[in-house]
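In what follows, a single structure is set out as C-alpha cells and then discussed.
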Amino acid sequence: MLDLPLLTILTFAPLVGVLAILIIRHDDPEVVAMNARNVALFVSSGVFLLSLLLWFTFDRTTADFQWVEKVAWMEDFGISYHMGVDGISVLFVMLTTLLTPICVLASWTSIKDRVKEYMICFLILETFMIGMFCALDLFLFYIFFEAVLIPMFIIIGIWGGARRVYAAFKLFLYTLLGSVLMLVAMLTMYYYAGTTDMLELMAYNFPIEAQKWMWLAFFASFAVKVPMWPVHTWLPDAHVEAPTAGSVILAGVLLKFGGYGFLRFSLPMMPEASLYFTPLMYTLSIIAVIYTSLVALAQEDMKKLIAYSSIAHMGFVTVGTFTLTTQGIEGAIYQMLSHGVVSAALFLVVGVVYDRIHTREIAAYGGLVNRMPAYALTFMVFAMASVGLPGTGGFVGEVLVLVGAFKANTWVAAFTATGVILGAAYTLYLYRRIIFGELTKENLMKITDMNRREMAIFAPLLFITIWMGVYPSSFLDFMHVSVEHLIDQVNTSLAQSGMLELAGR
Amino acid sequence: MPMAEMPNIVPALPELFLAGVIMLLLMFGVFQRGGLNDNDSGVFRIVSMLSIVSLILAVFLLVPVAGARAVTFSGMFVTDQFAVFCKALVLIAAALGIIVSQDFMERHNVARFEFPILVVFAALGMLLMISANDLISLYVGLEMQSLSLYVMASIQRDDNRATEAGLKYFVLGAVASGLLLYGSSLVYGFAGTTNFDALATLFSGGHEVSTGLVIGIVFILAGLSFKVSAVPFHMWTPDVYEGAPTPVTAFFAVAPKIAALALFLRVMIGPFGDLLVHWQQIIVVVSVLSMALGALAAINQRNIKRLMAYSSIGHVGYALVGLAAGTEQGVKGVLVYLAIYLVMNVGTFACILCMRRGGRMVEGIDDLAGLGKTNPMLAATLVVFMFSLAGIPPLAGFFGKLYVFVAAIEAQLYALAIIGVVASVIGAFYYLRIIKVMYFDEAIDHFDTPIGREMRFVIGVTSVIVVLFFVYPTPILSSAAAAAAALFAG
C-alpha cells in the first residue's frame, strides 16, 4: 500500500476547492458563477478519481481497517484524529465521491442564484460526508455526523421550494435532537471505557443495563437519519423542498448515515442491547415498509412519492441489519448502496422534467414517451431497479435481506416481502402516469428530450445499477470479510454474556 | 504573620498597575479637556488607546505570577493559575470591549473619556473578585465592579432607555449585594471567620454543619446567581441589555459574566468545596432553569440585544453544569466554556454593532433580512457565530458544551446532561431563525458600509478562532486544565 494519507486527502480536498471558489473575484456575476461551477466540478471529479485508488488498492481479504491514520488531537480527553476504512465503509466513501460531481453537474443550469455559495456548500458537505464514513474516533465521527446539518440546512433553506424554511428547520431540529442524545450516550461510553477510540470501544463490554440506555440514545439519532417510522416525517418535507441535487445527496448519502451507524455502533458496541431490541427494530421496520409503501401509493407529488419509497427501502436495511446473519447484513449494505445510486437517480429523473415544466405534480405529466424516448428508457431502468427487478442492483439487496430474514424469523421475512410487491405497485403506477398514455397536456407538446449534459449524468448511474445487478460479487467481495468479522464479534460478546442461547443460535 | 511588615505586592502587580493607570488617565483626561463638551473624541481616542494598551500590558504582568499559588495582604488576596487564566480572559474581554465601542461612542455623542476609564475600573474590580480569598475582599471587588457597571449602563445619559437600564441595574444589583452581604455575615456568625482557607479547613472534617451556615451559603449563592444572571435571578438581564448602549451590552455580556463565574467557582470549590452535598442540588436546579429559560424565552424575541440577553442566560446555565459536577473536570469545562463564550459573544456583538442603517443603529431581528445578499461577509460571519452559539460542531461552541457535559456524565448527573442537550436543541431554533432571516428572507435595505477597521479586525479574528478552534485546541485546553487543577490544589 502506498504511504499516503489518502483518506485525509479525500476528506479535505473539497475544502481546497472551497478556498479556490472563495478567491474568485470578478465584476461580472456570470463569470463568477461559471468559474465556481467549473472549480466545483473539477475538484469533486478529482476527488472521485482519487477515491478509485481505494477501489483498486483495498485488500479484500482482511477485516482490518485500512489506510489508517492516527494523530493525537485532544490529548486530555484521549481524542485522536483516527481515520480508516474497512469493507463496510469503503464503498460508502466511493458512493459519496461518485454522487458529488453528479450533483454539481445536475445543478449546472438549474441553480442560477448565488452559485458560488451553492458550490461551496456542496464541497463542504462532501468533506463532512467522507469524513463521517472514515472517522474511527467517537467524537471525530460525531463532529462530522452533525456538521453535515449546517450545509444541508443552508442548501434547503436558500435554494429550496416554497416551504423551504419549514422543511429546513424540521430537518435540522429533528436530526439535532436525535444526535445530541447520541452525544450523551457517547460521553457515557467514554465514562465507562475511558477511551474514544472506536476500535477499542468495539472490544469493550459495557454493562447490559447501561447498554440498553445507550442503545436507545444511539437509536434516537440513527432512527431519525434512516429514517424509521414514526420519526420519518421530516424526510418527505425535506425532499420536496430541497433542490434536486439536495435531494440526491439526502437520499443517496445522508440516509445511509443511520444504517451505517447501526452497523458501526449499535451492533458491535452494544450487542446485548441490540439483541434485546431486535423485536422493536423488526416491528418498526415492517411498519415502515408496509405503511410508507401504502402512503407512497397515494402521493400526488413525484418527489414525495420517491421520498416515501426511500423510507420503505430503508426499512429493508434495518431489517437486514438486525437479522445478524451474513446475508442479512450484506444485503443491508448492498441495499444501501444500490438505493444510494437508484434513489439518487430517481430524484435526478424528476429533476429533468422539473427543470422543463417546473412542477412536480404527477397529474401534470403523461405520455412523455412520445417526446422523450431516451428519458423514458432511463426512467424505466431506475424504476425497475427501485422495484427490485433481477438484473438491477435493487434485486440483490432485497433478496439477500429476505434470505437473512427467513433465517432469523419467518414472519418478519413474510411481512417484509410484501414491501416488494407494494414497491412494484407504486413505482409502476408512477411510471405509467408520467410516461405512458396520450400526450394531451398543452405545455408538454414542446418538451425536449435529455440533452448531453443530462445523459452524462445518468450514464455512470445506469452503468453502476446494471453492474450491481449482474455481477454483485465485485461489490460483495469488499464487505464479506468485514461482515463476517462483525458477526463474529457480536456472537463472541453474546456468548460471553450467556445470551446466545436466548437468541436461539 | 507579622502584620507590620510591608505585604508582598508582587502577586497583585497587575491590579496595582491598573489602579495606577486609572489615576493617571483620570488626571490626563481632566487636564486635557478645556471645555466641558460631552463629545470630545480627541481625548476619548487617546484615553481609549492608552486603556487598551494598559489592559494588554496587564495581561503580560500576569506572567510573573503565573506559577505557584501565592497569598498576600494578610490572606485577603490569592493568586494561582486559576486566577491567572480567568484574569487573562477578563482583561482581553475588557480590551475588546473598548475596541468595539470606539465608533459607536463617537457617533452617538457620548465619546467621554470617562468611559474607557470606567471599563478599566470595572476590570480592576473583576481582577480583585477573581483573586478574592476572603468574604470581605470578595465583596469589595464585586462592588467595585458593579458600581462601574451601573454608571456604564447609563453613560448615554440623555437617553431614556439607558438611564432606566442603569437605574434598574443599580436597584436590583444593590439588593443582590445585600443578599450576598447578609449571607457572608451569617457565615461569619456561624463559622467565626471570613477567610477562605480557614473556612475550607473548618469544613474539611466532613462533620455536620449548622443550618445557619447552610442558610448563609444559600444567600451567598443567590447573590452570586444574580451577578451571573442565572434563573431565578435573571429578571434584570433583558431590560438592562436592551436599554444599555450596545457596546456596553457587549461588555456586560462577556467580562462581568466571566469574572462572576470565576468568583462562583472560587467560592464554591474553595471554602465550601467540602459541602458539595449541600449546594449541588441548588446549582443543578439553577442550571436547569437557566438553560430552559434561555432556550424558551428567546424564541419570541424581536430585538437582537434582548435575544442575546436570553442567550447569555442559557449559556450561564451550561457553564453551571460544570460547576454542578463539582469536580476538577467540571471546573475545567467551565473555564473552556468561558474562553469560547468570550470569543463567540464578542464576535456576535461586533456584528450587532455593525447593524447600522442611514447612520442609525437598528436592533430588530427583522432588520437583518436579506443580509446574506447585501452584506455577504458580515452575514457569513454572523452565521458562523450563530451555529457556534447553538453548539454545532465543528465550531468552537460545540467544544465548550462537550467539556461541561463530559463533567456532568462523569459526576453521574445524567438527567442534567439530557436536559441540557435537549435545551440546546430548543435553543438552536432561535439561532437558526437569525440565519433564516439573513439568508432565506428577502432584503429590505442594506446596512451602512464600510464597517469600521476595528470592527473588521475584531470580527475577523473572533470568527477565525471560532471556525478553526478544532484544529489546534491544545493551548486553551491544557491551560484550562492547569487552572482547574490549581483551584483544587489550593
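The way I read the labels, and the way they are meant: chains A, B, ... in the order of the C-alpha cells, residue 1 as the first residue of every chain, and ligand 1 as the first ligand shown, with later ones counted on from there.
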
Note to self: Can you tell me which residues surround Asp159 in chain B at a distance of at most 12 Å, considering only C-alpha atoms, apart from same-chain residues fewer than 4 positions away, and format the answer as a PyMOL selection string?
What the structure shows: chain B and resi 108-110+153-155+163-166+243-245

Note to self: Residues of chain A within 7 Å of chain B, counting only C-alpha atoms - could you list those as a list in words?
What the structure shows: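 Close to chain B, chain A has Met74, Ile143, Glu146, Ala147, Gly157, Ile158, Leu173, Leu176, Leu177, Val180, Leu181, Val184, Leu187, Thr188 and Tyr191 of chain A.
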
Next item on the list: Write out as a PyMOL selection string which residues come within 10 Å of Met384 in chain A when counting only C-alpha atoms, dropping same-chain ones fewer than 3 positions away.
Entry: chain A and resi 342+379-381+387-395+423-424+427-428+431

Write the residues you've just listed into a file as an mmCIF file, in the first residue's frame, and include N, CA, C and O atoms for each of them.
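Final file, out_35.cif:
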data_model
loop_
_atom_site.group_PDB
_atom_site.id
_atom_site.type_symbol
_atom_site.label_atom_id
_atom_site.label_comp_id
_atom_site.auth_asym_id
_atom_site.auth_seq_id
_atom_site.Cartn_x
_atom_site.Cartn_y
_atom_site.Cartn_z
ATOM 1 N N VAL A 342 -29.775 4.348 -6.933
ATOM 2 C CA VAL A 342 -31.059 4.339 -7.645
ATOM 3 C C VAL A 342 -31.946 5.513 -7.209
ATOM 4 O O VAL A 342 -32.511 6.217 -8.045
ATOM 5 N N PHE A 379 -35.650 6.401 -17.192
ATOM 6 C CA PHE A 379 -36.580 6.332 -16.069
ATOM 7 C C PHE A 379 -36.959 4.877 -15.809
ATOM 8 O O PHE A 379 -37.003 4.409 -14.665
ATOM 9 N N MET A 380 -37.171 4.130 -16.894
ATOM 10 C CA MET A 380 -37.618 2.746 -16.732
ATOM 11 C C MET A 380 -36.560 1.914 -16.012
ATOM 12 O O MET A 380 -36.881 1.152 -15.095
ATOM 13 N N VAL A 381 -35.320 2.079 -16.426
ATOM 14 C CA VAL A 381 -34.277 1.271 -15.792
ATOM 15 C C VAL A 381 -34.247 1.544 -14.287
ATOM 16 O O VAL A 381 -34.219 0.617 -13.465
ATOM 17 N N VAL A 387 -37.911 -1.150 -8.048
ATOM 18 C CA VAL A 387 -38.821 -2.263 -7.788
ATOM 19 C C VAL A 387 -38.043 -3.494 -7.323
ATOM 20 O O VAL A 387 -38.527 -4.292 -6.529
ATOM 21 N N GLY A 388 -36.817 -3.621 -7.807
ATOM 22 C CA GLY A 388 -36.015 -4.778 -7.439
ATOM 23 C C GLY A 388 -36.085 -5.859 -8.491
ATOM 24 O O GLY A 388 -36.124 -7.052 -8.186
ATOM 25 N N LEU A 389 -36.118 -5.448 -9.745
ATOM 26 C CA LEU A 389 -36.145 -6.416 -10.837
ATOM 27 C C LEU A 389 -34.794 -7.120 -10.933
ATOM 28 O O LEU A 389 -33.762 -6.462 -10.815
ATOM 29 N N PRO A 390 -34.777 -8.433 -11.138
ATOM 30 C CA PRO A 390 -33.494 -9.126 -11.296
ATOM 31 C C PRO A 390 -32.688 -8.486 -12.417
ATOM 32 O O PRO A 390 -33.257 -8.092 -13.447
ATOM 33 N N GLY A 391 -31.388 -8.385 -12.207
ATOM 34 C CA GLY A 391 -30.545 -7.739 -13.198
ATOM 35 C C GLY A 391 -30.259 -6.304 -12.841
ATOM 36 O O GLY A 391 -29.449 -5.646 -13.474
ATOM 37 N N THR A 392 -30.897 -5.819 -11.806
ATOM 38 C CA THR A 392 -30.572 -4.479 -11.330
ATOM 39 C C THR A 392 -30.086 -4.575 -9.889
ATOM 40 O O THR A 392 -30.304 -5.586 -9.205
ATOM 41 N N GLY A 393 -29.440 -3.500 -9.436
ATOM 42 C CA GLY A 393 -28.842 -3.511 -8.102
ATOM 43 C C GLY A 393 -29.858 -3.732 -6.996
ATOM 44 O O GLY A 393 -29.564 -4.380 -5.992
ATOM 45 N N GLY A 394 -31.064 -3.211 -7.192
ATOM 46 C CA GLY A 394 -32.067 -3.318 -6.146
ATOM 47 C C GLY A 394 -32.423 -4.756 -5.811
ATOM 48 O O GLY A 394 -32.708 -5.083 -4.652
ATOM 49 N N PHE A 395 -32.379 -5.625 -6.811
ATOM 50 C CA PHE A 395 -32.773 -7.011 -6.621
ATOM 51 C C PHE A 395 -31.856 -7.715 -5.618
ATOM 52 O O PHE A 395 -32.311 -8.386 -4.688
ATOM 53 N N GLY A 423 -43.960 -2.132 -3.503
ATOM 54 C CA GLY A 423 -42.985 -1.285 -4.201
ATOM 55 C C GLY A 423 -43.237 -1.308 -5.689
ATOM 56 O O GLY A 423 -43.221 -0.276 -6.368
ATOM 57 N N ALA A 424 -43.470 -2.500 -6.217
ATOM 58 C CA ALA A 424 -43.764 -2.614 -7.639
ATOM 59 C C ALA A 424 -45.030 -1.829 -7.971
ATOM 60 O O ALA A 424 -45.091 -1.123 -8.977
ATOM 61 N N THR A 427 -44.387 2.090 -7.840
ATOM 62 C CA THR A 427 -43.414 2.549 -8.832
ATOM 63 C C THR A 427 -43.994 2.450 -10.243
ATOM 64 O O THR A 427 -43.885 3.384 -11.045
ATOM 65 N N LEU A 428 -44.603 1.320 -10.531
ATOM 66 C CA LEU A 428 -45.162 1.155 -11.873
ATOM 67 C C LEU A 428 -46.315 2.131 -12.105
ATOM 68 O O LEU A 428 -46.466 2.677 -13.202
ATOM 69 N N TYR A 431 -44.806 5.356 -12.925
ATOM 70 C CA TYR A 431 -44.214 5.330 -14.258
ATOM 71 C C TYR A 431 -45.302 5.442 -15.322
ATOM 72 O O TYR A 431 -45.176 6.198 -16.282
#

Checklist line | Ala459 in chain A environment, 12 Å, only C-alpha atoms, sequence neighbours closer than 5 positions dropped, as an NGL selection string | finding: :A and (102 or 341 or 345 or 374-375 or 377-378 or 381-382 or 450 or 452-454 or 464-466)

Item checked: Selected residue of minimal separation from Met129 in chain A among A:Pro460, A:Pro14, A:Pro5, A:Gly178, counting only C-alpha atoms ->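 The answer is A:Pro14, which sits nearest to Met129 in chain A.
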
Next item on the list: Write down as a PyMOL selection string the residues of range 279-439 of chain B whose backbone DSSP state falls under strand (DSSP E).
Entry: chain B and resi 356-357+360-361

Note to self: Just want the 12 Å neighbourhood of Phe77 in chain B, counted on only C-alpha atoms, with same-chain residues fewer than 6 positions away dropped. Output as a PyMOL selection string.
What the structure shows: chain B and resi 7-13+15+69-71+83+127-138+140-141+195-197
